[in-house]
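Enquirer: Quick one: the structure is below, questions incoming.
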Amino acid sequence: MSPSPAFKIEPGSPQAWREAFLDMKPSVVPCPGLTPAGWQAVHAACFDFLDKHADEAGRLGWTTLQLFGVHLFLGVIRSDFCGAMVLNGDLVSAVDENSIRFERTRYYRNTIGKPAGAVPIWAAK
């Protein structure tokens, strides 16, 4: 029996992240809460992250959901379910053990009160 897709992509796997994003088109908004222009910016920022920072993020133990998570049905409307890379289209400037630094903001990995139940953006409905 082969592992389920969710199991395959949950651990910090830069190659799995890259493979999932190759199927995502910048012209097709994947979830509620993103405008076409917003999704194009997020899509571009995700590819930049995957090229420059994904290997380091994986090495530091960042998970798929901490990076690319969204609410299953409400997408980015429920920002408390969102991973670092789907909240805005800003480029990542640095990744460390506890945070990801963007041009104007910072995303902290272990925010108290963050609900469980997110899915990767490529699995949103």
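For the structure tokens, the naming scheme is as follows: chains receive sequential letters (A, B, ...) according to their order of presentation, residues are indexed from 1 within each chain, and ligands are indexed from 1 in presentation order.
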Within 9 Å of Trp39 (chain A), counting only C-alpha atoms, which residues qualify if same-chain residues fewer than 6 places away don't, as an MDAnalysis selection string?

Expert: chainID A and resid 26:30 86 88:89

Enquirer: Keeping only N, CA and C atoms, write the selected residues as an mmCIF file, in the first residue's frame.

Expert:
```cif
data_model
loop_
_atom_site.group_PDB
_atom_site.id
_atom_site.type_symbol
_atom_site.label_atom_id
_atom_site.label_comp_id
_atom_site.auth_asym_id
_atom_site.auth_seq_id
_atom_site.Cartn_x
_atom_site.Cartn_y
_atom_site.Cartn_z
ATOM 1 N N PRO A 26 -0.364 30.159 -11.844
ATOM 2 C CA PRO A 26 -0.582 31.497 -11.293
ATOM 3 C C PRO A 26 -1.911 32.108 -11.732
ATOM 4 N N SER A 27 -2.527 31.560 -12.764
ATOM 5 C CA SER A 27 -3.794 32.090 -13.263
ATOM 6 C C SER A 27 -5.019 31.437 -12.617
ATOM 7 N N VAL A 28 -4.825 30.417 -11.777
ATOM 8 C CA VAL A 28 -5.941 29.698 -11.153
ATOM 9 C C VAL A 28 -5.851 29.856 -9.638
ATOM 10 N N VAL A 29 -6.712 30.685 -9.081
ATOM 11 C CA VAL A 29 -6.724 30.930 -7.635
ATOM 12 C C VAL A 29 -7.140 29.640 -6.924
ATOM 13 N N PRO A 30 -6.314 29.133 -5.983
ATOM 14 C CA PRO A 30 -6.560 27.823 -5.393
ATOM 15 C C PRO A 30 -7.516 27.770 -4.213
ATOM 16 N N VAL A 86 1.637 31.815 2.464
ATOM 17 C CA VAL A 86 0.378 32.112 1.776
ATOM 18 C C VAL A 86 -0.299 33.391 2.251
ATOM 19 N N ASN A 88 0.878 36.609 2.229
ATOM 20 C CA ASN A 88 1.092 37.801 1.402
ATOM 21 C C ASN A 88 2.069 37.431 0.293
ATOM 22 N N GLY A 89 2.312 38.319 -0.584
ATOM 23 C CA GLY A 89 3.212 38.047 -1.692
ATOM 24 C C GLY A 89 4.608 38.587 -1.491
#
```

Enquirer: Can you pull out every residue within 12 Å of Trp62 (chain A), counting only C-alpha atoms, but drop anything in the same chain fewer than 2 positions away, and send it as a PyMOL selection string?

Expert: chain A and resi 9-14+17+53-60+64-69+83-85+95-100+107-110

Enquirer: To one decimal place, how far is CA of Thr111 (chain A) from CA of Leu50 (chain A) in Å?

Expert: 22.9 Å

Enquirer: Looking at A:Asp80, A:Asp48, A:Glu19, A:Asp90, which one is nearest to Gly117 (chain A), with distances taken over only C-alpha atoms?

Expert: A:Asp80
